file structure_11.cif (mmCIF, C-alpha atoms and all ligand atoms)
data_final
#
loop_
_atom_site.label_atom_id
_atom_site.label_comp_id
_atom_site.auth_asym_id
_atom_site.auth_seq_id
_atom_site.Cartn_x
_atom_site.Cartn_y
_atom_site.Cartn_z
CA MET A 1 -8.57 6.17 -1.16
CA GLY A 2 -6.52 9.35 -0.83
CA ILE A 3 -8.31 11.10 -3.67
CA MET A 4 -11.74 9.99 -2.47
CA ALA A 5 -10.97 11.30 1.03
CA LEU A 6 -9.68 14.64 -0.29
CA HIS A 7 -12.65 15.09 -2.58
CA ALA A 8 -15.08 14.51 0.31
CA TYR A 9 -13.14 16.89 2.53
CA LEU A 10 -13.11 19.68 -0.07
CA LYS A 11 -16.80 19.24 -0.77
CA GLY A 12 -17.48 19.46 2.97
CA SER A 13 -15.49 22.70 3.10
CA GLY A 14 -17.55 24.23 0.31
CA ILE A 15 -14.78 23.97 -2.30
CA GLU A 16 -15.85 22.77 -5.71
CA SER A 17 -13.71 19.91 -7.03
CA SER A 18 -13.91 16.99 -9.40
CA ILE A 19 -11.91 13.79 -9.77
CA GLU A 20 -10.17 13.10 -13.07
CA ILE A 21 -9.20 9.44 -13.28
CA ASP A 22 -7.49 9.49 -16.65
CA PHE A 23 -5.91 12.82 -17.45
CA ASP A 24 -6.60 13.64 -21.09
CA PHE A 25 -3.13 14.37 -22.44
CA GLU A 26 -4.51 14.87 -25.95
CA HIS A 27 -7.01 17.58 -25.03
CA VAL A 28 -5.53 19.57 -22.19
CA GLU A 29 -7.55 22.61 -23.25
CA LYS A 30 -10.60 21.00 -21.64
CA TYR A 31 -9.12 21.84 -18.23
CA ILE A 32 -8.96 25.56 -18.99
CA ASP A 33 -11.74 26.47 -16.55
CA TYR A 34 -10.00 24.95 -13.55
CA SER A 35 -8.03 27.12 -11.16
CA HIS A 36 -5.86 24.22 -9.92
CA LEU A 37 -4.76 20.78 -11.06
CA CYS A 38 -3.87 18.67 -8.01
CA ILE A 39 -2.00 15.44 -8.71
CA SER A 40 -1.78 12.58 -6.23
CA CYS A 41 1.32 10.67 -7.26
CA MET A 42 3.05 7.44 -6.37
CA THR A 43 6.63 7.13 -7.58
CA PRO A 44 5.90 4.86 -10.60
CA GLN A 45 3.52 7.56 -11.85
CA LYS A 46 6.04 10.38 -11.63
CA ASP A 47 6.58 10.63 -15.40
CA GLN A 48 2.87 11.18 -15.98
CA ALA A 49 2.77 13.75 -13.18
CA TYR A 50 5.67 15.68 -14.71
CA HIS A 51 4.07 15.40 -18.14
CA ILE A 52 0.83 16.93 -16.81
CA LEU A 53 2.88 19.70 -15.21
CA HIS A 54 4.78 20.55 -18.39
CA LEU A 55 1.69 20.41 -20.62
CA SER A 56 -0.09 22.73 -18.21
CA ARG A 57 2.81 25.14 -18.19
CA GLN A 58 2.72 25.21 -21.97
CA PHE A 59 -1.01 25.30 -22.69
CA LEU A 60 -2.67 26.34 -19.43
CA PRO A 61 -0.25 28.86 -17.93
CA GLU A 62 -2.87 30.38 -15.60
CA ILE A 63 -3.52 27.09 -13.81
CA CYS A 64 -1.78 26.35 -10.55
CA VAL A 65 -0.33 22.81 -10.44
CA VAL A 66 0.00 20.95 -7.11
CA ILE A 67 1.60 17.58 -6.40
CA GLY A 68 1.02 15.39 -3.35
CA GLY A 69 0.94 11.71 -2.44
CA PRO A 70 3.82 9.40 -1.49
CA HIS A 71 6.10 10.60 -4.29
CA ALA A 72 5.96 14.21 -3.09
CA SER A 73 6.69 13.11 0.49
CA HIS A 74 9.60 10.78 -0.27
CA TYR A 75 11.12 12.51 -3.30
CA LEU A 76 10.71 16.08 -2.15
CA GLU A 77 13.95 17.38 -3.64
CA GLU A 78 13.12 15.88 -7.03
CA CYS A 79 9.66 17.50 -6.92
CA ARG A 80 11.21 20.83 -5.88
CA SER A 81 13.35 20.73 -9.00
CA GLN A 82 10.17 20.64 -11.11
CA PRO A 83 8.12 23.83 -11.54
CA PHE A 84 5.16 22.78 -9.35
CA ASP A 85 3.42 25.71 -7.69
CA HIS A 86 2.86 23.75 -4.48
CA ILE A 87 4.12 20.46 -3.08
CA VAL A 88 2.11 18.77 -0.34
CA VAL A 89 4.06 16.53 2.02
CA GLY A 90 2.02 14.02 4.04
CA ASP A 91 -1.69 14.53 4.66
CA GLY A 92 -3.49 16.51 1.99
CA GLU A 93 -6.72 17.80 3.56
CA LEU A 94 -5.60 20.90 5.45
CA ALA A 95 -2.81 21.74 3.01
CA LEU A 96 -5.10 21.61 -0.02
CA GLU A 97 -7.72 23.69 1.73
CA GLU A 98 -5.06 26.34 2.39
CA ILE A 99 -3.91 26.27 -1.21
CA LEU A 100 -7.36 26.32 -2.78
CA THR A 101 -8.62 29.16 -0.60
CA GLY A 102 -5.51 31.19 -1.38
CA ARG A 103 -4.27 31.21 2.22
CA ALA A 104 -1.07 29.38 1.26
CA GLY A 105 0.03 32.35 -0.84
CA THR A 106 3.27 31.52 -2.60
CA GLN A 107 4.44 28.97 -0.04
CA ARG A 108 5.74 26.09 -2.14
CA VAL A 109 6.06 23.19 0.27
CA LEU A 110 3.24 22.58 2.71
CA GLU A 111 3.26 19.96 5.43
CA ARG A 112 0.05 20.00 7.47
CA PRO A 113 -0.31 16.81 9.47
CA VAL A 114 -3.78 15.87 10.59
CA THR A 115 -4.36 14.61 14.13
CA GLU A 116 -6.30 11.45 14.94
CA LYS A 117 -9.02 13.60 16.47
CA GLN A 118 -9.28 15.77 13.36
CA MET A 119 -9.39 12.91 10.89
CA ASN A 120 -12.34 11.39 12.74
CA THR A 121 -14.31 14.59 12.20
CA PHE A 122 -13.72 14.65 8.44
CA PRO A 123 -16.45 13.47 6.05
CA ILE A 124 -16.05 9.82 5.06
CA PRO A 125 -14.34 9.31 1.66
CA TYR A 126 -16.50 10.04 -1.36
CA ARG A 127 -17.53 6.72 -2.93
CA GLU A 128 -19.40 7.41 -6.11
CA LYS A 129 -20.29 4.18 -7.92
CA SER A 130 -18.97 5.17 -11.34
CA PHE A 131 -15.65 6.12 -9.76
CA LEU A 132 -15.38 2.96 -7.63
CA ASN A 133 -16.16 0.77 -10.63
CA HIS A 134 -12.87 1.73 -12.23
CA TYR A 135 -11.10 -0.38 -9.66
CA GLU A 136 -11.85 -4.09 -9.70
CA PHE A 137 -10.77 -6.17 -6.76
CA TYR A 138 -11.90 -9.67 -5.82
CA PHE A 139 -10.92 -12.18 -3.16
CA GLN A 140 -12.32 -15.71 -3.42
CA GLY A 141 -14.79 -14.42 -5.99
CA VAL A 142 -16.11 -11.71 -3.65
CA ARG A 143 -16.14 -8.26 -5.19
CA ALA A 144 -14.65 -5.82 -2.74
CA SER A 145 -14.01 -2.17 -2.23
CA THR A 146 -11.27 -0.67 -0.08
CA LEU A 147 -11.36 0.97 3.32
CA LEU A 148 -8.74 2.22 5.78
CA THR A 149 -9.34 1.82 9.53
CA SER A 150 -6.00 3.43 10.38
CA LYS A 151 -2.96 5.13 8.90
CA GLY A 152 0.69 4.46 9.64
CA CYS A 153 2.73 1.52 10.93
CA PRO A 154 4.86 1.29 14.10
CA MET A 155 7.04 -1.56 12.77
CA SER A 156 10.58 -0.92 11.59
CA CYS A 157 11.09 -2.97 8.41
CA THR A 158 14.04 -1.37 6.65
CA PHE A 159 12.68 -2.02 3.13
CA CYS A 160 9.43 -0.12 3.74
CA GLU A 161 8.58 3.55 3.29
CA ASP A 162 5.83 3.32 5.88
CA ALA A 163 8.08 2.06 8.69
CA ARG A 164 7.81 3.95 11.97
CA THR A 165 5.08 6.24 10.75
CA LYS A 166 2.65 7.54 13.35
CA VAL A 167 -0.35 5.29 13.80
CA ARG A 168 -3.66 7.15 13.75
CA MET A 169 -6.88 5.21 14.04
CA TYR A 170 -10.38 5.86 12.84
CA THR A 171 -13.08 5.15 15.40
CA PRO A 172 -15.10 1.96 14.89
CA GLU A 173 -18.16 4.17 14.33
CA TYR A 174 -16.36 6.01 11.50
CA VAL A 175 -15.38 2.65 10.00
CA GLY A 176 -18.97 1.40 10.30
CA ARG A 177 -20.30 4.34 8.32
CA GLN A 178 -17.88 3.56 5.53
CA ILE A 179 -18.82 -0.13 5.47
CA GLU A 180 -22.47 0.85 5.03
CA ASP A 181 -21.47 3.21 2.22
CA ILE A 182 -19.60 0.38 0.48
CA LYS A 183 -22.56 -1.97 0.87
CA ASN A 184 -24.88 0.68 -0.54
CA ALA A 185 -22.61 0.89 -3.57
CA GLY A 186 -23.34 -2.81 -4.17
CA TYR A 187 -20.30 -4.55 -2.71
CA GLN A 188 -20.42 -7.62 -0.50
CA GLY A 189 -16.73 -7.52 0.34
CA VAL A 190 -14.39 -5.06 2.01
CA MET A 191 -10.65 -4.96 1.59
CA PHE A 192 -9.22 -3.30 4.70
CA PHE A 193 -6.07 -1.71 3.38
CA ASP A 194 -4.36 -0.72 6.63
CA ASP A 195 -0.68 -1.62 6.73
CA VAL A 196 -1.48 -3.91 9.65
CA MET A 197 -5.02 -4.10 10.98
CA THR A 198 -4.21 -6.57 13.73
CA LEU A 199 -1.88 -4.39 15.81
CA SER A 200 -3.41 -5.29 19.19
CA LYS A 201 -6.08 -7.50 20.71
CA LYS A 202 -7.98 -4.48 22.04
CA ARG A 203 -8.07 -2.78 18.64
CA VAL A 204 -9.17 -5.96 16.86
CA TYR A 205 -11.89 -6.45 19.50
CA ASP A 206 -13.23 -2.91 19.06
CA LEU A 207 -13.15 -3.10 15.27
CA THR A 208 -14.66 -6.54 14.92
CA GLN A 209 -17.49 -5.63 17.31
CA GLU A 210 -18.41 -2.97 14.75
CA ILE A 211 -17.67 -4.99 11.60
CA VAL A 212 -19.84 -7.92 12.65
CA LYS A 213 -22.93 -5.67 12.67
CA HIS A 214 -22.65 -5.15 8.93
CA ASP A 215 -22.64 -8.74 7.65
CA ILE A 216 -19.76 -8.49 5.19
CA LEU A 217 -16.92 -10.69 4.02
CA TYR A 218 -13.51 -9.14 4.27
CA ARG A 219 -9.80 -9.35 3.85
CA CYS A 220 -7.30 -7.46 6.00
CA PHE A 221 -3.56 -7.36 6.63
CA GLY A 222 -2.18 -9.23 9.62
CA HIS A 223 1.28 -9.58 11.13
CA ALA A 224 2.97 -12.77 12.31
CA ARG A 225 4.16 -11.10 15.51
CA THR A 226 0.72 -10.11 16.70
CA MET A 227 -1.45 -12.96 15.40
CA THR A 228 -2.94 -15.11 18.18
CA ASN A 229 -5.75 -17.64 18.43
CA GLU A 230 -7.96 -15.00 20.06
CA ILE A 231 -7.35 -12.44 17.32
CA ALA A 232 -7.89 -15.04 14.61
CA ASP A 233 -11.18 -16.06 16.28
CA MET A 234 -12.39 -12.46 16.32
CA LEU A 235 -11.47 -12.01 12.67
CA GLN A 236 -13.16 -15.21 11.59
CA GLN A 237 -16.34 -14.53 13.58
CA SER A 238 -16.73 -11.08 12.05
CA GLY A 239 -16.47 -12.19 8.41
CA CYS A 240 -12.75 -12.34 7.64
CA ILE A 241 -12.11 -14.99 5.00
CA GLU A 242 -8.63 -13.95 3.97
CA THR A 243 -5.61 -12.12 5.37
CA GLY A 244 -2.65 -10.66 3.57
CA VAL A 245 0.66 -10.81 5.39
CA GLY A 246 4.18 -9.69 4.62
CA MET A 247 6.29 -12.79 5.18
CA GLU A 248 9.01 -11.42 2.91
CA THR A 249 11.38 -14.44 2.93
CA GLY A 250 11.89 -17.92 4.31
CA SER A 251 15.31 -16.95 5.65
CA GLN A 252 15.67 -16.03 9.32
CA ARG A 253 18.93 -14.27 8.57
CA ILE A 254 17.23 -11.93 6.08
CA LEU A 255 14.22 -11.37 8.36
CA ASP A 256 16.71 -10.24 11.03
CA THR A 257 18.72 -8.14 8.58
CA VAL A 258 15.68 -6.15 7.47
CA MET A 259 14.37 -5.77 11.05
CA LYS A 260 11.13 -7.58 10.29
CA LYS A 261 11.08 -8.69 13.93
CA THR A 262 9.34 -11.94 13.08
CA THR A 263 10.63 -15.49 12.93
CA VAL A 264 10.10 -18.14 10.30
CA ALA A 265 8.41 -20.21 13.02
CA GLN A 266 5.97 -17.34 13.70
CA ASN A 267 5.22 -17.09 10.01
CA ARG A 268 4.45 -20.81 9.89
CA GLN A 269 2.26 -20.56 12.95
CA TYR A 270 0.43 -17.60 11.40
CA VAL A 271 -0.52 -19.79 8.44
CA LEU A 272 -1.70 -22.63 10.65
CA THR A 273 -3.66 -20.34 12.99
CA CYS A 274 -5.53 -18.67 10.13
CA ASN A 275 -6.08 -21.81 8.07
CA ALA A 276 -7.48 -23.70 11.07
CA ARG A 277 -10.29 -21.12 11.10
CA GLY A 278 -10.94 -21.20 7.37
CA ILE A 279 -9.04 -17.95 6.80
CA ARG A 280 -6.97 -18.12 3.66
CA VAL A 281 -3.51 -16.57 3.77
CA LYS A 282 -2.08 -14.49 0.97
CA ALA A 283 1.61 -14.15 1.76
CA PHE A 284 3.81 -11.49 0.21
CA PHE A 285 7.48 -12.19 -0.47
CA ILE A 286 10.34 -9.98 -1.62
CA LEU A 287 13.33 -11.32 -3.51
CA GLY A 288 16.58 -9.38 -3.58
CA LEU A 289 16.64 -8.06 -0.04
CA PRO A 290 20.17 -7.45 1.28
CA GLY A 291 22.13 -10.67 1.65
CA GLU A 292 19.97 -12.78 -0.68
CA THR A 293 21.84 -15.90 -1.83
CA ARG A 294 20.97 -19.22 -3.43
CA GLU A 295 20.70 -20.66 0.08
CA THR A 296 18.18 -18.05 1.28
CA ILE A 297 16.14 -18.59 -1.87
CA ALA A 298 16.08 -22.32 -1.10
CA GLU A 299 14.71 -21.44 2.35
CA THR A 300 12.02 -19.26 0.80
CA GLU A 301 11.14 -22.08 -1.56
CA GLN A 302 10.79 -24.45 1.39
CA PHE A 303 8.42 -22.00 3.03
CA LEU A 304 6.39 -21.72 -0.17
CA GLN A 305 6.07 -25.50 -0.31
CA PHE A 306 4.68 -25.50 3.22
CA LEU A 307 2.34 -22.54 2.54
CA MET A 308 0.91 -23.92 -0.67
CA ALA A 309 0.56 -27.49 0.61
CA GLN A 310 -2.05 -26.40 3.17
CA LYS A 311 -5.68 -27.00 2.27
CA LEU A 312 -8.71 -25.34 3.73
CA ILE A 313 -12.40 -25.01 3.04
CA GLY A 314 -13.03 -21.67 1.39
CA HIS A 315 -15.98 -19.35 1.65
CA HIS A 316 -17.86 -21.22 -1.13
CA GLY A 317 -17.44 -24.57 0.63
CA LYS A 318 -14.78 -25.86 -1.74
CA VAL A 319 -11.23 -26.92 -0.92
CA ILE A 320 -8.84 -24.07 -1.59
CA HIS A 321 -5.14 -23.31 -1.16
CA ASN A 322 -3.33 -20.32 0.21
CA ASP A 323 -1.88 -17.79 -2.19
CA PHE A 324 1.25 -15.70 -2.47
CA ASP A 325 2.87 -12.95 -4.45
CA MET A 326 6.54 -12.34 -5.03
CA THR A 327 8.18 -9.11 -6.11
CA ILE A 328 11.78 -7.95 -6.37
CA PHE A 329 13.00 -5.30 -3.99
CA PHE A 330 13.00 -1.76 -5.35
CA PRO A 331 14.99 0.58 -3.06
CA TYR A 332 12.67 3.58 -2.76
CA SER A 333 14.28 6.63 -1.25
CA GLY A 334 12.02 6.62 1.81
CA THR A 335 13.39 3.28 3.01
CA GLU A 336 16.14 2.73 5.56
CA ILE A 337 17.95 0.35 3.17
CA ARG A 338 18.13 3.05 0.49
CA ARG A 339 19.35 5.62 3.01
CA ARG A 340 22.13 3.26 4.03
CA MET A 341 23.03 2.44 0.42
CA ASP A 342 23.22 6.15 -0.42
CA ALA A 343 25.39 6.70 2.65
CA GLY A 344 27.79 4.05 1.36
CA ALA A 345 27.28 1.65 4.28
CA MET A 346 29.65 -1.27 3.70
CA ASP A 347 27.56 -3.86 5.54
CA VAL A 348 24.55 -3.69 3.17
CA ASP A 349 24.90 -6.57 0.73
CA LEU A 350 22.95 -4.88 -2.04
CA MET A 351 24.18 -2.94 -5.06
CA PHE A 352 22.48 -0.87 -7.71
CA THR A 353 22.75 -2.26 -11.22
CA THR A 354 21.36 0.98 -12.57
CA ASN A 355 20.32 4.34 -11.14
CA PRO A 356 16.86 3.63 -9.65
CA ASP A 357 15.85 7.28 -9.88
CA LEU A 358 16.14 7.19 -13.67
CA LYS A 359 13.72 4.25 -13.89
CA TYR A 360 9.94 4.25 -13.66
CA GLY A 361 10.22 3.08 -10.07
CA PHE A 362 7.80 0.17 -9.89
CA TYR A 363 8.26 -3.06 -7.99
CA LYS A 364 5.28 -4.66 -9.67
CA GLY A 365 4.09 -4.00 -13.18
CA ALA A 366 1.88 -5.61 -15.79
CA ARG A 367 1.57 -9.41 -15.49
CA GLY A 368 3.60 -9.43 -12.28
CA SER A 369 6.78 -8.03 -13.84
CA SER A 370 9.31 -6.24 -11.65
CA GLU A 371 11.66 -3.42 -12.53
CA ILE A 372 15.00 -4.73 -11.27
CA VAL A 373 17.67 -2.25 -10.25
CA VAL A 374 19.60 -4.26 -7.64
CA ARG A 375 21.83 -7.28 -7.17
CA THR A 376 23.51 -8.88 -4.17
CA SER A 377 27.03 -10.28 -3.97
CA GLY A 378 25.58 -13.75 -4.52
CA LEU A 379 22.92 -13.08 -7.17
CA SER A 380 22.71 -10.98 -10.31
CA ALA A 381 19.62 -9.03 -11.40
CA GLU A 382 19.00 -11.76 -13.99
CA ASP A 383 19.23 -14.46 -11.29
CA LEU A 384 16.58 -12.60 -9.32
CA ARG A 385 14.30 -12.31 -12.32
CA GLU A 386 14.65 -16.00 -13.20
CA THR A 387 14.03 -17.03 -9.62
CA GLN A 388 10.92 -14.88 -9.36
CA GLN A 389 9.47 -16.37 -12.54
CA ARG A 390 10.36 -19.94 -11.58
CA LEU A 391 8.85 -19.71 -8.10
CA LEU A 392 5.68 -18.00 -9.33
CA GLN A 393 5.22 -20.53 -12.12
CA THR A 394 5.95 -23.53 -9.92
CA TYR A 395 3.96 -22.70 -6.81
CA LYS A 396 1.16 -20.40 -7.97
CA ALA A 397 -0.06 -23.28 -10.12
CA LEU A 398 -0.56 -25.68 -7.22
S1 LIG B 401 6.43 -3.83 5.80
FE1 LIG B 401 4.43 -3.83 6.78
S2 LIG B 401 4.88 -4.21 8.95
FE2 LIG B 401 6.80 -3.57 8.01
S3 LIG B 401 6.91 -1.34 8.35
FE3 LIG B 401 5.98 -1.68 6.33
S4 LIG B 401 3.80 -1.67 6.67
FE4 LIG B 401 4.77 -1.97 8.65
#

call {"tool": "encode", "arguments": {"input": "structure_11.cif", "output": "structure tokens"}}
result
Amino acid sequence: MGIMALHAYLKGSGIESSIEIDFDFEHVEKYIDYSHLCISCMTPQKDQAYHILHLSRQFLPEICVVIGGPHASHYLEECRSQPFDHIVVGDGELALEEILTGRAGTQRVLERPVTEKQMNTFPIPYREKSFLNHYEFYFQGVRASTLLTSKGCPMSCTFCEDARTKVRMYTPEYVGRQIEDIKNAGYQGVMFFDDVMTLSKKRVYDLTQEIVKHDILYRCFGHARTMTNEIADMLQQSGCIETGVGMETGSQRILDTVMKKTTVAQNRQYVLTCNARGIRVKAFFILGLPGETRETIAETEQFLQFLMAQKLIGHHGKVIHNDFDMTIFFPYSGTEIRRRMDAGAMDVDLMFTTNPDLKYGFYKGARGSSEIVVRTSGLSAEDLRETQQRLLQTYKAL
């Protein structure tokens, strides 16, 4: 989404750009005519980003190399230690425009936040079919493409890099234009990728009034603290057939420790409220949060039994079950837990088993694998891995 939005913005500003999905490491000379290589990087991709940088330095010394994306924002010092010409922290549109028009000069780190008003004047993200087709996403057999109706999250979960980030919303009209664009590209489904789309009743009302005009099926992210019967009704009546939700754990003690500000009872009610309206729930869990023990895992397992025992009639008229995913906590540097671990806080029951910054930095890899760099006083890294595999194998199969 970030790259598609930047590409559309640059085009709208009269700057020629193209999107390279798979950088050709074998034939870097083919990039010789470019003035800049701009890399959007998440932390697990950092090795490739650094590789592109070093190849460019060696074979394309005239080209200016820029890094942005979450890795640049949360691992700024690490990026500074690499010979990037520019590092973009946060929003990319205005910063890239400055860099590509030469106005940034030799300024290395640029942080140019975009206001809510500005972002609603930008062109909608560029959705070219051949580019979109590289990303396959389905829910209940519906092929979907992604869309953001807002950026940022006001919640304070201490394991999350997006906690307490400013919420900026796109207008329903801006969202509607994007839905039409997605439909024109041949998709029936939309995956709304906001951190939490159901932040308030008013916002859900405004959005669903727009969404319902477009006759789509969709999935969005909800939150157990804000989900009500009224919100669930609005979602269901506008085409929502599935919600994702971060339930994290079945343990109230851990929910409180990580400042999730939800209760296990609210999480249960969320499932019942959605399922009663035919909305399937995909719940996301994290193993290895501070204080994880065999007892808290037993509580999570109990919750999984409840979640997966529910039955509902799916979009195709058949009986279906809820779904879940389970990863192992990776302490990214932008999270409050990592800050406290680095500060040596004694009350965080979580220890590194290896230096996380020397690893790839992924919490979910091929076939659901996790890169495990932590343990708690009660559970080793191997215990966490075994538990993850056991719970996925036991309950995903239901
Ligand atoms: S985990 Fe979800 S609700 Fe919590 S801060 Fe992150 S995005 Fe927001």

call {"tool": "closest_residue", "arguments": {"input": "structure_11.cif", "among": "A:Ser380, A:Asn322, A:Thr165, A:Thr43", "to": "Leu287 in chain A", "atoms": "all atoms listed in the file"}}
result
A:Ser380

call {"tool": "residues_near_ligand", "arguments": {"input": "structure_11.cif", "ligand": "ligand LIG 401 (chain B)", "cutoff": "8 Å", "atoms": "all atoms listed in the file", "output": "VMD selection string"}}
result
chain A and resid 152 to 164 195 to 196 223 246 260

call {"tool": "closest_residue", "arguments": {"input": "structure_11.cif", "among": "A:Ser333, A:Thr296, A:Gly365, A:Asp22", "to": "Glu77 in chain A", "atoms": "only C-alpha atoms"}}
result
A:Ser333

call {"tool": "residues_around", "arguments": {"input": "structure_11.cif", "residues": "Val212 in chain A", "least_positions_apart": "4", "cutoff": "7 Å", "atoms": "all atoms listed in the file", "output": "list in words"}}
result
Thr208, Ser238 and Gly239 of chain A

call {"tool": "closest_residue", "arguments": {"input": "structure_11.cif", "among": "A:Arg80, A:His36, A:Arg127, A:Arg385", "to": "Thr101 in chain A", "atoms": "only C-alpha atoms"}}
result
A:His36

call {"tool": "closest_residue", "arguments": {"input": "structure_11.cif", "among": "A:Leu350, A:Ile63, A:Ala381, A:Leu217", "to": "Phe84 in chain A", "atoms": "all atoms listed in the file"}}
result
A:Ile63

call {"tool": "residues_around", "arguments": {"input": "structure_11.cif", "residues": "Phe221 in chain A", "least_positions_apart": "3", "cutoff": "6 Å", "atoms": "all atoms listed in the file", "output": "list of chain:residue names"}}
result
A:Val196, A:Met197, A:Thr243, A:Gly244, A:Val245

call {"tool": "residues_near_point", "arguments": {"input": "structure_11.cif", "point": "(-20.6, -1.8, -1.4)", "cutoff": "10 Å", "atoms": "only C-alpha atoms", "output": "tab-separated table (two decimals) with C-alpha atoms, in the frame of the given file"}}
result
chain	number	residue	atom	x	y	z
A	127	ARG	CA	-17.53	6.72	-2.93
A	129	LYS	CA	-20.29	4.18	-7.92
A	132	LEU	CA	-15.38	2.96	-7.63
A	143	ARG	CA	-16.14	-8.26	-5.19
A	144	ALA	CA	-14.65	-5.82	-2.74
A	145	SER	CA	-14.01	-2.17	-2.23
A	146	THR	CA	-11.27	-0.67	-0.08
A	178	GLN	CA	-17.88	3.56	5.53
A	179	ILE	CA	-18.82	-0.13	5.47
A	180	GLU	CA	-22.47	0.85	5.03
A	181	ASP	CA	-21.47	3.21	2.22
A	182	ILE	CA	-19.60	0.38	0.48
A	183	LYS	CA	-22.56	-1.97	0.87
A	184	ASN	CA	-24.88	0.68	-0.54
A	185	ALA	CA	-22.61	0.89	-3.57
A	186	GLY	CA	-23.34	-2.81	-4.17
A	187	TYR	CA	-20.30	-4.55	-2.71
A	188	GLN	CA	-20.42	-7.62	-0.50
A	189	GLY	CA	-16.73	-7.52	0.34
A	190	VAL	CA	-14.39	-5.06	2.01
A	216	ILE	CA	-19.76	-8.49	5.19

call {"tool": "closest_residue", "arguments": {"input": "structure_11.cif", "among": "A:Asp325, A:Glu26, A:Glu16, A:Glu136", "to": "Met247 in chain A", "atoms": "all atoms listed in the file"}}
result
A:Asp325

call {"tool": "closest_residue", "arguments": {"input": "structure_11.cif", "among": "A:Ser17, A:Gln252, A:Thr228, A:Thr354", "to": "Glu295 in chain A", "atoms": "all atoms listed in the file"}}
result
A:Gln252

call {"tool": "atom_distance", "arguments": {"input": "structure_11.cif", "atom1": "CA of Leu110 in chain A", "atom2": "CA of His86 in chain A"}}
result
7.3 Å

call {"tool": "residues_near_point", "arguments": {"input": "structure_11.cif", "point": "(1.1, -15.7, 9.0)", "cutoff": "9 Å", "atoms": "all atoms listed in the file", "output": "CSV table (one decimal) with C-alpha atoms, in the frame of the given file"}}
result
chain,number,residue,atom,x,y,z
A,222,GLY,CA,-2.2,-9.2,9.6
A,223,HIS,CA,1.3,-9.6,11.1
A,224,ALA,CA,3.0,-12.8,12.3
A,225,ARG,CA,4.2,-11.1,15.5
A,227,MET,CA,-1.4,-13.0,15.4
A,243,THR,CA,-5.6,-12.1,5.4
A,244,GLY,CA,-2.6,-10.7,3.6
A,245,VAL,CA,0.7,-10.8,5.4
A,246,GLY,CA,4.2,-9.7,4.6
A,247,MET,CA,6.3,-12.8,5.2
A,266,GLN,CA,6.0,-17.3,13.7
A,267,ASN,CA,5.2,-17.1,10.0
A,268,ARG,CA,4.4,-20.8,9.9
A,269,GLN,CA,2.3,-20.6,13.0
A,270,TYR,CA,0.4,-17.6,11.4
A,271,VAL,CA,-0.5,-19.8,8.4
A,272,LEU,CA,-1.7,-22.6,10.6
A,273,THR,CA,-3.7,-20.3,13.0
A,274,CYS,CA,-5.5,-18.7,10.1
A,281,VAL,CA,-3.5,-16.6,3.8
A,282,LYS,CA,-2.1,-14.5,1.0
A,283,ALA,CA,1.6,-14.2,1.8

call {"tool": "atom_distance", "arguments": {"input": "structure_11.cif", "atom1": "CA of Leu94 in chain A", "atom2": "CA of Ala49 in chain A"}}
result
21.6 Å

call {"tool": "atom_distance", "arguments": {"input": "structure_11.cif", "atom1": "CA of Lys213 in chain A", "atom2": "CA of Cys240 in chain A"}}
result
13.2 Å

call {"tool": "axis_aligned_box", "arguments": {"input": "structure_11.cif", "around": "range 380-385 of chain A", "padding_each_side": "3 Å", "output": "JSON"}}
result
{"center_x": 18.5, "center_y": -11.7, "center_z": -11.7, "size_x": 14.4, "size_y": 11.4, "size_z": 10.7}

call {"tool": "residues_around", "arguments": {"input": "structure_11.cif", "residues": "Pro123 in chain A", "least_positions_apart": "6", "cutoff": "10 Å", "atoms": "only C-alpha atoms", "output": "ChimeraX atom specification"}}
result
/A:5-13,174

call {"tool": "write_last_selection", "arguments": {"input": "structure_11.cif", "atoms": "C-alpha atoms", "output": "PDB file, in the frame of the given file"}}
result
ATOM      1  CA  ALA A   5     -10.970  11.300   1.030  1.00  0.00           C
ATOM      2  CA  LEU A   6      -9.680  14.640  -0.290  1.00  0.00           C
ATOM      3  CA  HIS A   7     -12.650  15.090  -2.580  1.00  0.00           C
ATOM      4  CA  ALA A   8     -15.080  14.510   0.310  1.00  0.00           C
ATOM      5  CA  TYR A   9     -13.140  16.890   2.530  1.00  0.00           C
ATOM      6  CA  LEU A  10     -13.110  19.680  -0.070  1.00  0.00           C
ATOM      7  CA  LYS A  11     -16.800  19.240  -0.770  1.00  0.00           C
ATOM      8  CA  GLY A  12     -17.480  19.460   2.970  1.00  0.00           C
ATOM      9  CA  SER A  13     -15.490  22.700   3.100  1.00  0.00           C
ATOM     10  CA  TYR A 174     -16.360   6.010  11.500  1.00  0.00           C
TER      11      TYR A 174
END

call {"tool": "residues_around", "arguments": {"input": "structure_11.cif", "residues": "His315 in chain A", "least_positions_apart": "2", "cutoff": "9 Å", "atoms": "only C-alpha atoms", "output": "list in words"}}
result
Gln140, Ile241, Gly278, Ile279, Ile313, Gly317 and Lys318 of chain A

call {"tool": "residues_around", "arguments": {"input": "structure_11.cif", "residues": "Asp47 in chain A", "least_positions_apart": "6", "cutoff": "10 Å", "atoms": "only C-alpha atoms", "output": "list in words"}}
result
Cys41, Leu53, Lys359, Tyr360 and Gly361 of chain A

call {"tool": "decode", "arguments": {"input": "structure_11.cif", "residues": "range 364-371 of chain A", "atoms": "C-alpha atoms", "output": "compact mmCIF listing (two decimals), in the first residue's frame"}}
result
# COMPACT_ATOMS: atom_id res chain seq x y z
CA LYS A 364 6.14 -14.95 10.97
CA GLY A 365 7.94 -16.69 8.16
CA ALA A 366 7.32 -19.41 5.62
CA ARG A 367 4.71 -22.01 6.68
CA GLY A 368 3.92 -20.07 9.86
CA SER A 369 7.41 -20.36 11.35
CA SER A 370 8.57 -17.81 13.91
CA GLU A 371 12.04 -16.52 14.59
